Structure formats: C-alpha cells, structure tokens
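Data file: entry-v7.pdb. Format and content: PDB, C-alpha atoms and all ligand atoms.
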```
MODEL        1
ATOM      1  CA  MET A   1     -13.358 -10.308   9.450
ATOM      2  CA  ILE A   2     -12.073  -7.001   8.159
ATOM      3  CA  ARG A   3     -11.815  -4.160  10.661
ATOM      4  CA  ALA A   4      -9.760  -1.058  11.414
ATOM      5  CA  ALA A   5      -6.406  -1.620  13.117
ATOM      6  CA  ILE A   6      -6.229  -1.076  16.877
ATOM      7  CA  PRO A   7      -3.095  -0.413  18.995
ATOM      8  CA  GLU A   8      -3.105  -4.017  20.259
ATOM      9  CA  ASP A   9      -2.498  -5.199  16.647
ATOM     10  CA  THR A  10       0.861  -3.452  16.321
ATOM     11  CA  THR A  11       3.133  -6.234  17.608
ATOM     12  CA  SER A  12       1.525  -8.822  15.326
ATOM     13  CA  LEU A  13       1.560  -6.483  12.334
ATOM     14  CA  LEU A  14       5.286  -5.798  12.781
ATOM     15  CA  GLU A  15       5.952  -9.545  13.013
ATOM     16  CA  ILE A  16       3.921 -10.266   9.881
ATOM     17  CA  ALA A  17       5.617  -7.473   7.938
ATOM     18  CA  ASN A  18       9.037  -8.676   9.055
ATOM     19  CA  ALA A  19       8.271 -12.279   8.122
ATOM     20  CA  THR A  20       7.372 -11.309   4.537
ATOM     21  CA  THR A  21      11.169 -10.768   4.138
ATOM     22  CA  VAL A  22      10.613  -7.964   1.646
ATOM     23  CA  PHE A  23      10.815  -5.044   4.081
ATOM     24  CA  LYS A  24      14.137  -3.684   5.289
ATOM     25  CA  PRO A  25      14.762  -3.233   9.037
ATOM     26  CA  ASN A  26      14.396   0.546   8.730
ATOM     27  CA  GLU A  27      11.009   0.034   7.043
ATOM     28  CA  ILE A  28       9.809  -2.082   9.968
ATOM     29  CA  VAL A  29      10.894   0.716  12.330
ATOM     30  CA  ALA A  30       9.037   3.183  10.113
ATOM     31  CA  LEU A  31       5.934   0.996  10.245
ATOM     32  CA  ARG A  32       5.980   1.047  14.052
ATOM     33  CA  GLU A  33       6.213   4.857  14.009
ATOM     34  CA  VAL A  34       3.502   5.134  11.381
ATOM     35  CA  LEU A  35       1.153   2.981  13.461
ATOM     36  CA  GLU A  36       1.898   5.003  16.607
ATOM     37  CA  ASP A  37       1.081   8.222  14.768
ATOM     38  CA  TYR A  38      -2.018   6.664  13.224
ATOM     39  CA  HIS A  39      -3.383   5.657  16.624
ATOM     40  CA  LYS A  40      -2.823   9.198  17.906
ATOM     41  CA  GLY A  41      -5.210  10.270  15.129
ATOM     42  CA  LEU A  42      -4.288  11.410  11.646
ATOM     43  CA  SER A  43      -7.063  13.073   9.713
ATOM     44  CA  GLY A  44      -8.244  10.999   6.759
ATOM     45  CA  HIS A  45      -5.797   8.139   7.333
ATOM     46  CA  ARG A  46      -7.356   4.686   7.258
ATOM     47  CA  THR A  47      -6.236   1.178   8.077
ATOM     48  CA  TYR A  48      -7.797  -2.249   7.778
ATOM     49  CA  VAL A  49      -6.688  -5.633   9.021
ATOM     50  CA  HIS A  50      -7.918  -9.006   7.815
ATOM     51  CA  GLU A  51      -8.447 -11.159  10.896
ATOM     52  CA  ASP A  52      -9.357 -14.830  10.894
ATOM     53  CA  GLU A  53     -10.157 -16.647  14.155
ATOM     54  CA  GLY A  54      -8.253 -14.051  16.150
ATOM     55  CA  ARG A  55      -5.172 -14.189  13.905
ATOM     56  CA  LEU A  56      -4.143 -11.206  11.815
ATOM     57  CA  LEU A  57      -3.435 -12.168   8.208
ATOM     58  CA  GLY A  58      -3.298  -8.901   6.273
ATOM     59  CA  PHE A  59      -3.007  -5.136   6.550
ATOM     60  CA  VAL A  60      -3.575  -2.058   4.391
ATOM     61  CA  TYR A  61      -2.889   1.591   5.218
ATOM     62  CA  PHE A  62      -4.042   4.381   2.919
ATOM     63  CA  ALA A  63      -4.620   8.117   3.090
ATOM     64  CA  PRO A  64      -5.171  11.214   0.981
ATOM     65  CA  ALA A  65      -1.942  12.835  -0.185
ATOM     66  CA  ALA A  66      -1.354  16.285   1.289
ATOM     67  CA  MET A  67      -1.625  19.287  -1.056
ATOM     68  CA  THR A  68      -3.454  17.379  -3.779
ATOM     69  CA  ASP A  69      -7.025  17.329  -4.977
ATOM     70  CA  GLN A  70      -8.118  13.858  -3.895
ATOM     71  CA  THR A  71      -5.041  11.892  -4.799
ATOM     72  CA  TRP A  72      -4.733   9.005  -2.383
ATOM     73  CA  TYR A  73      -1.848   6.806  -1.450
ATOM     74  CA  ILE A  74      -1.613   3.210  -0.322
ATOM     75  CA  PHE A  75       1.310   3.471   2.056
ATOM     76  CA  TRP A  76       1.379  -0.142   3.247
ATOM     77  CA  ILE A  77      -0.125  -3.413   2.166
ATOM     78  CA  PHE A  78       1.045  -6.852   3.215
ATOM     79  CA  VAL A  79      -0.252 -10.342   3.858
ATOM     80  CA  ASP A  80       1.119 -13.035   6.174
ATOM     81  CA  LYS A  81       3.619 -15.056   4.130
ATOM     82  CA  GLU A  82       1.749 -18.308   4.837
ATOM     83  CA  PHE A  83      -1.508 -16.852   3.516
ATOM     84  CA  GLN A  84      -0.346 -15.016   0.387
ATOM     85  CA  ALA A  85      -1.915 -15.738  -3.000
ATOM     86  CA  GLN A  86      -5.300 -16.553  -1.446
ATOM     87  CA  GLY A  87      -6.998 -13.304  -2.360
ATOM     88  CA  ILE A  88      -6.514 -11.491   0.955
ATOM     89  CA  GLY A  89      -4.298  -8.746  -0.477
ATOM     90  CA  GLY A  90      -6.632  -8.259  -3.439
ATOM     91  CA  ASN A  91      -9.606  -7.829  -1.111
ATOM     92  CA  LEU A  92      -7.755  -5.271   0.997
ATOM     93  CA  LEU A  93      -6.636  -3.381  -2.111
ATOM     94  CA  ARG A  94     -10.168  -3.244  -3.521
ATOM     95  CA  LEU A  95     -11.511  -2.142  -0.144
ATOM     96  CA  ALA A  96      -8.997   0.712  -0.014
ATOM     97  CA  GLU A  97      -9.976   1.776  -3.540
ATOM     98  CA  ARG A  98     -13.700   1.662  -2.726
ATOM     99  CA  GLU A  99     -13.243   3.662   0.460
ATOM    100  CA  ALA A 100     -11.013   6.250  -1.159
ATOM    101  CA  LYS A 101     -13.459   6.612  -4.046
ATOM    102  CA  GLY A 102     -16.362   6.902  -1.615
ATOM    103  CA  ALA A 103     -14.524   9.753   0.097
ATOM    104  CA  GLY A 104     -14.090  11.533  -3.253
ATOM    105  CA  GLY A 105     -10.783   9.928  -4.219
ATOM    106  CA  ARG A 106      -9.689  10.516  -7.798
ATOM    107  CA  LEU A 107      -6.312   8.817  -8.103
ATOM    108  CA  MET A 108      -4.655   6.037  -6.153
ATOM    109  CA  LEU A 109      -0.876   5.838  -6.042
ATOM    110  CA  ILE A 110       1.364   3.083  -4.716
ATOM    111  CA  GLU A 111       5.128   3.141  -4.503
ATOM    112  CA  THR A 112       7.278   0.066  -4.492
ATOM    113  CA  SER A 113      10.793  -1.021  -5.212
ATOM    114  CA  GLY A 114      12.108  -2.041  -8.607
ATOM    115  CA  LEU A 115      14.185  -4.849  -7.108
ATOM    116  CA  SER A 116      13.522  -8.341  -8.397
ATOM    117  CA  LYS A 117      12.205  -9.490  -5.015
ATOM    118  CA  TYR A 118       9.290  -7.079  -5.546
ATOM    119  CA  ALA A 119       8.449  -8.471  -9.004
ATOM    120  CA  ARG A 120       5.326 -10.299  -7.757
ATOM    121  CA  THR A 121       4.236  -7.208  -5.857
ATOM    122  CA  ARG A 122       4.486  -5.128  -9.030
ATOM    123  CA  GLU A 123       2.567  -7.853 -10.901
ATOM    124  CA  PHE A 124      -0.100  -7.729  -8.174
ATOM    125  CA  TYR A 125      -0.629  -3.992  -8.733
ATOM    126  CA  GLN A 126      -0.707  -4.380 -12.510
ATOM    127  CA  ARG A 127      -3.291  -7.160 -12.237
ATOM    128  CA  HIS A 128      -5.435  -4.748 -10.268
ATOM    129  CA  GLY A 129      -5.353  -2.094 -12.988
ATOM    130  CA  TYR A 130      -2.378  -0.031 -11.845
ATOM    131  CA  THR A 131       0.060   1.287 -14.417
ATOM    132  CA  LEU A 132       3.672   2.177 -13.864
ATOM    133  CA  ASP A 133       3.685   5.973 -14.068
ATOM    134  CA  ALA A 134       7.191   6.909 -12.952
ATOM    135  CA  ILE A 135      10.515   5.489 -11.912
ATOM    136  CA  VAL A 136      12.847   7.376  -9.605
ATOM    137  CA  HIS A 137      16.225   5.779 -10.086
ATOM    138  CA  ASP A 138      18.353   5.016  -7.019
ATOM    139  CA  TYR A 139      15.590   6.355  -4.734
ATOM    140  CA  TYR A 140      15.793   3.859  -1.862
ATOM    141  CA  GLU A 141      19.514   3.428  -2.331
ATOM    142  CA  ASP A 142      21.896   3.093  -5.256
ATOM    143  CA  GLY A 143      20.545   0.345  -7.470
ATOM    144  CA  ASP A 144      17.127   0.313  -5.780
ATOM    145  CA  ASP A 145      14.644   2.365  -7.803
ATOM    146  CA  MET A 146      11.208   3.563  -6.725
ATOM    147  CA  HIS A 147       8.378   2.513  -9.061
ATOM    148  CA  ILE A 148       5.242   4.617  -8.745
ATOM    149  CA  PHE A 149       2.027   2.895  -9.799
ATOM    150  CA  ARG A 150      -1.149   4.790 -10.486
ATOM    151  CA  LYS A 151      -4.819   3.988 -10.983
ATOM    152  CA  ARG A 152      -7.684   6.361 -11.675
ATOM    153  CA  LEU A 153     -10.618   5.802  -9.347
ATOM    154  CA  VAL A 154     -12.939   7.940 -11.488
ATOM    155  CA  ASP A 155     -13.161   8.513 -15.219
ATOM    156  CA  GLY A 156     -11.793  11.564 -16.956
ATOM    157  CA  GLY A 157      -8.697  13.614 -16.459
ATOM    158  CA  GLU A 158      -5.933  14.647 -18.733
ATOM    159  CA  SER A 159      -2.384  15.110 -17.576
ATOM    160  CA  ASN A 160      -0.412  18.282 -18.196
ATOM    161  CA  ALA A 161       1.902  16.292 -20.417
ATOM    162  CA  THR A 162      -1.049  15.248 -22.584
ATOM    163  CA  GLN A 163      -2.294  18.809 -22.761
ATOM    164  CA  GLY A 164       1.133  20.122 -23.644
ATOM    165  CA  ARG A 165       1.136  22.426 -20.614
ATOM    166  CA  SER A 166       3.804  22.729 -18.006
ATOM    167  CA  ARG A 167       3.775  24.165 -14.506
TER     168      ARG A 167
HETATM  169  C1  LIG B   1       1.684  -8.191  -2.493
HETATM  170  C2  LIG B   1       0.680  -8.823  -1.529
HETATM  171  C3  LIG B   1       0.101  -7.749  -0.620
HETATM  172  C4  LIG B   1      -0.465  -9.441  -2.358
HETATM  173  O1  LIG B   1      -1.387 -10.040  -1.474
HETATM  174  P1  LIG B   1      -1.876 -11.540  -1.721
HETATM  175  O2  LIG B   1      -2.944 -11.839  -0.753
HETATM  176  O3  LIG B   1      -0.682 -12.425  -1.730
HETATM  177  O4  LIG B   1      -2.425 -11.413  -3.215
HETATM  178  P2  LIG B   1      -3.730 -12.040  -3.873
HETATM  179  O5  LIG B   1      -3.903 -13.451  -3.394
HETATM  180  O6  LIG B   1      -4.863 -11.124  -3.727
HETATM  181  O7  LIG B   1      -3.297 -12.018  -5.391
HETATM  182  C5  LIG B   1      -2.341 -12.972  -5.831
HETATM  183  C6  LIG B   1      -1.515 -12.353  -6.925
HETATM  184  O8  LIG B   1      -0.639 -11.376  -6.382
HETATM  185  C7  LIG B   1       0.658 -11.522  -6.946
HETATM  186  N1  LIG B   1       1.579 -11.747  -5.837
HETATM  187  C8  LIG B   1       2.328 -10.770  -5.311
HETATM  188  N2  LIG B   1       3.109 -11.222  -4.340
HETATM  189  C9  LIG B   1       2.856 -12.518  -4.203
HETATM  190  C10 LIG B   1       3.364 -13.526  -3.368
HETATM  191  N3  LIG B   1       4.326 -13.271  -2.465
HETATM  192  N4  LIG B   1       2.863 -14.760  -3.462
HETATM  193  C11 LIG B   1       1.938 -15.013  -4.379
HETATM  194  N5  LIG B   1       1.404 -14.088  -5.223
HETATM  195  C12 LIG B   1       1.861 -12.860  -5.154
HETATM  196  C13 LIG B   1       0.595 -12.586  -8.003
HETATM  197  O9  LIG B   1       0.328 -11.933  -9.232
HETATM  198  C14 LIG B   1      -0.617 -13.386  -7.580
HETATM  199  O10 LIG B   1      -1.283 -13.946  -8.651
HETATM  200  P3  LIG B   1      -1.106 -15.529  -8.960
HETATM  201  O11 LIG B   1      -1.485 -16.240  -7.698
HETATM  202  O12 LIG B   1      -2.031 -15.804 -10.100
HETATM  203  O13 LIG B   1       0.352 -15.692  -9.288
HETATM  204  C15 LIG B   1       1.318  -9.955  -0.674
HETATM  205  O14 LIG B   1       1.745 -10.992  -1.506
HETATM  206  C16 LIG B   1       2.476  -9.501   0.184
HETATM  207  O15 LIG B   1       2.277  -9.183   1.342
HETATM  208  N6  LIG B   1       3.678  -9.484  -0.368
HETATM  209  C17 LIG B   1       4.853  -9.120   0.438
HETATM  210  C18 LIG B   1       4.781  -7.692   0.936
HETATM  211  C19 LIG B   1       4.717  -6.671  -0.164
HETATM  212  O16 LIG B   1       5.372  -6.811  -1.187
HETATM  213  N7  LIG B   1       3.903  -5.631   0.071
HETATM  214  C20 LIG B   1       3.842  -4.494  -0.790
HETATM  215  C21 LIG B   1       5.002  -3.590  -0.473
HETATM  216  S1  LIG B   1       5.068  -2.200  -1.537
ENDMDL
END
```
Could I get this structure in the form of structure tokens?
Amino acid sequence: MIRAAIPEDTTSLLEIANATTVFKPNEIVALREVLEDYHKGLSGHRTYVHEDEGRLLGFVYFAPAAMTDQTWYIFWIFVDKEFQAQGIGGNLLRLAEREAKGAGGRLMLIETSGLSKYARTREFYQRHGYTLDAIVHDYYEDGDDMHIFRKRLVDGGESNATQGRSR
C-alpha cells in the first residue's frame, strides 16, 4: 500500500533512513525536523510511504521549489536496506513525478552526494531519466560534492545558456 506519511510513521522512517548507512547523523536529525514541519502543514509538500503488512519499506518527500515556476524537488527518497533493488524506490520516484506533473510541475530536481557510496543512488536517478546538471564542489564538506540531477516533466524549454542570454 502506498499512502501519505502520518506522524506515527516518524520513528520507523528515522530507523529505516539510519539503517541505509548512507545518511550522516546530522541528516537523520534534519529528517526528523523536516517530518515535524511537514506534519504541521507545509503548503504543496507531499510525502508517500510504501507499507507492506504494517511495515514501512520506503519513503519519498517532494515539494515545489520556492520562487520558481513549477520546479519541484525530491528532498528525500529511501528504501529499507533489506528491500532495496525490488522496485520500491522506482515506484515512489515515478509516483512523485506523476503527482508533480499533475500539479503543473515542469522540472524535477534531486540533489545527492558525489561520494562513491552514493554511486548506485546516482545510477538509480540516471536510469530514471535524470541527467547530471551541476556539481557544487565541496558542498557537504571538503571532498564531498553535491550533484544536482534534473529531469523535465513536460516537453519544451530552453535554458538561458542555450539561448545565449544571461541574468
Ligand atoms: C536509491 C534507492 C531509493 C533506490 O530504491 P530501490 O527500491 O533500491 O530501487 P529500485 O529497485 O527501484 O531500482 C533498482 C536500481 O536502483 C539502483 N540502486 C541504487 N541504490 C541501490 C541499492 N542500494 N541496492 C540496489 N540497487 C540500487 C540500481 O541501479 C538498481 O538497478 P539494478 O538492480 O539493475 O542494479 C534505495 O536503494 C535507497 O534507499 N538507497 C539508500 C538511500 C539513498 O541513497 N537515498 C537517496 C539519497 S539522495
């Protein structure tokens, strides 16, 4: 079953995220805060959990980016370590894309780390049609770059760089 996250899910979601071993302790703290804020009500923000027989197996959190025309962000996506590579993450990613597109979404962005332990995560995004659009070197910390992946949800569009314009 796929449904929106509820406050009672938070403990399990933090445990699942922690057990993936890819998130740093400060990111797990951030996730707790993000979920608290989400449950207080954040306009346009959406979450889904994948639940099977009462057990949470996956999570996605996405929202429109402030001060943009329908650019959306996937802020969090993770799957229980024991259940990875079974299609759960792909389903949650496609659901987020469909929902964002249905709400008028134009672009979807996802940020992740350039560290080798995120190699399969980056491969996952590329398999789903995302392209690496930017790298911010040393973003998370020295030696840990931010990779920004991007996918158009609708056809068309031409970047300023392509048009030879600048802001
Ligand atoms: C990235 C993630 C959400 C993908 O979800 P998933 O359910 O494992 O992925 P799917 O089953 O839909 O797709 C499998 C594909 O994803 C990629 N992949 C990414 N991480 C993987 C992992 N830890 N194990 C297996 N495959 C992984 C592979 O390309 C794989 O294809 P393959 O099986 O042919 O090798 C999930 O693996 C995960 O939670 N990883 C750790 C947390 C994380 O990195 N989150 C994103 C932070 S920015």
Might I get the box with edges along x, y and z of the file that holds all atoms of ligand LIG 1 (chain B) listed there, padded by 6 Å on every side, given as centre and edge lengths in Å to one decimal, as JSON?
```
{"center_x": 0.3, "center_y": -9.2, "center_z": -4.4, "size_x": 22.2, "size_y": 26.0, "size_z": 23.4}
```
Wanna dump the segment 2-56 of chain A-segment 136-154 of chain A contacts at 12 Å for me, each residue with its shortest atom pair and the distance in Å to one decimal, counting all atoms listed in the file, ordered by chain and number, as a tab-separated table?
```
residue	atom	partner	partner_atom	distance
A:Phe23	CA	A:Tyr140	CA	11.8
A:Lys24	CA	A:Tyr140	CA	10.5
A:Asn26	CA	A:Tyr140	CA	11.2
A:Glu27	CA	A:Tyr140	CA	10.8
```
Preceding selection exported with C-alpha atoms as a CSV table (one decimal), in the coordinates of the input:
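After the write, part.csv holds the following:
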```
chain,number,residue,atom,x,y,z
A,23,PHE,CA,10.8,-5.0,4.1
A,24,LYS,CA,14.1,-3.7,5.3
A,26,ASN,CA,14.4,0.5,8.7
A,27,GLU,CA,11.0,0.0,7.0
```
Problem set entry | Interatomic distance (Å, one decimal) between atom CA of Phe75 of chain A and atom CA of Phe59 of chain A |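 That distance, rounded to one decimal, is 10.6 Å.
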For this session: Give the residue list for ligand LIG 1 (chain B) at 7 Å, counting all atoms listed in the file, as a ChimeraX atom specification, sorted by chain and then by residue number.
Result: /A:20,22,76-81,83-91,111-113,118,120-121,123-124,127
Taking the file as shown, find all residues satisfying the PyMOL selection byres (((chain A and resi 31) around 12) and not hetatm) and write them as a compact mmCIF listing (two decimals) with C-alpha atoms, in the coordinates of the input.
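To be explicit, this is the file written out as expr.txt:
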```
# COMPACT_ATOMS: atom_id res chain seq x y z
CA THR A 10 0.86 -3.45 16.32
CA THR A 11 3.13 -6.23 17.61
CA SER A 12 1.52 -8.82 15.33
CA LEU A 13 1.56 -6.48 12.33
CA LEU A 14 5.29 -5.80 12.78
CA GLU A 15 5.95 -9.54 13.01
CA ILE A 16 3.92 -10.27 9.88
CA ALA A 17 5.62 -7.47 7.94
CA ASN A 18 9.04 -8.68 9.06
CA PHE A 23 10.82 -5.04 4.08
CA LYS A 24 14.14 -3.68 5.29
CA PRO A 25 14.76 -3.23 9.04
CA ASN A 26 14.40 0.55 8.73
CA GLU A 27 11.01 0.03 7.04
CA ILE A 28 9.81 -2.08 9.97
CA VAL A 29 10.89 0.72 12.33
CA ALA A 30 9.04 3.18 10.11
CA ARG A 32 5.98 1.05 14.05
CA GLU A 33 6.21 4.86 14.01
CA VAL A 34 3.50 5.13 11.38
CA LEU A 35 1.15 2.98 13.46
CA GLU A 36 1.90 5.00 16.61
CA ASP A 37 1.08 8.22 14.77
CA TYR A 38 -2.02 6.66 13.22
CA PHE A 59 -3.01 -5.14 6.55
CA VAL A 60 -3.58 -2.06 4.39
CA TYR A 61 -2.89 1.59 5.22
CA PHE A 75 1.31 3.47 2.06
CA TRP A 76 1.38 -0.14 3.25
CA ILE A 77 -0.12 -3.41 2.17
CA PHE A 78 1.04 -6.85 3.22
```
Problem set entry | Between atom CA of Asp155 of chain A and atom CA of Gly58 of chain A, distance in Å (one decimal) |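 Atom CA of Asp155 of chain A sits 29.4 Å away from atom CA of Gly58 of chain A.
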Explicit residue set for the PyMOL selection byres (((chain A and resi 52) around 12) and not hetatm), as a PDB file with C-alpha atoms, in the coordinates of the input:
```
ATOM      1  CA  MET A   1     -13.358 -10.308   9.450  1.00  0.00           C
ATOM      2  CA  ILE A   2     -12.073  -7.001   8.159  1.00  0.00           C
ATOM      3  CA  ARG A   3     -11.815  -4.160  10.661  1.00  0.00           C
ATOM      4  CA  VAL A  49      -6.688  -5.633   9.021  1.00  0.00           C
ATOM      5  CA  HIS A  50      -7.918  -9.006   7.815  1.00  0.00           C
ATOM      6  CA  GLU A  51      -8.447 -11.159  10.896  1.00  0.00           C
ATOM      7  CA  GLU A  53     -10.157 -16.647  14.155  1.00  0.00           C
ATOM      8  CA  GLY A  54      -8.253 -14.051  16.150  1.00  0.00           C
ATOM      9  CA  ARG A  55      -5.172 -14.189  13.905  1.00  0.00           C
ATOM     10  CA  LEU A  56      -4.143 -11.206  11.815  1.00  0.00           C
ATOM     11  CA  LEU A  57      -3.435 -12.168   8.208  1.00  0.00           C
ATOM     12  CA  GLY A  58      -3.298  -8.901   6.273  1.00  0.00           C
ATOM     13  CA  ASP A  80       1.119 -13.035   6.174  1.00  0.00           C
ATOM     14  CA  PHE A  83      -1.508 -16.852   3.516  1.00  0.00           C
ATOM     15  CA  ILE A  88      -6.514 -11.491   0.955  1.00  0.00           C
TER      16      ILE A  88
END
```
For this session: Run the PyMOL selection byres (((chain A and resi 45) around 12) and not hetatm) mentally over the shown coordinates, then write out the matched residues as a PyMOL selection string, using the chain letters and numbers from the document.
Result: chain A and resi 4-5+34-35+37-44+46-48+60-66+72-76+96+99-100+103
Problem set entry | Length of the atom CA of Ala134 of chain A to atom CA of Met108 of chain A vector [Å] |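 Between atom CA of Ala134 of chain A and atom CA of Met108 of chain A the gap is 13.7 Å.
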Exercise. Using only C-alpha atoms, which of A:His128, A:Ser116, A:Glu8, A:Leu107 sits nearest Leu92 of chain A?
Worked result: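 Result for the nearest residue to Leu92 of chain A: A:His128.
In this comparison, which uses only C-alpha atoms, the residue of A:Gly129, A:Gly157, A:Thr71, A:Ala19 approaching Lys101 of chain A most closely is A:Thr71.
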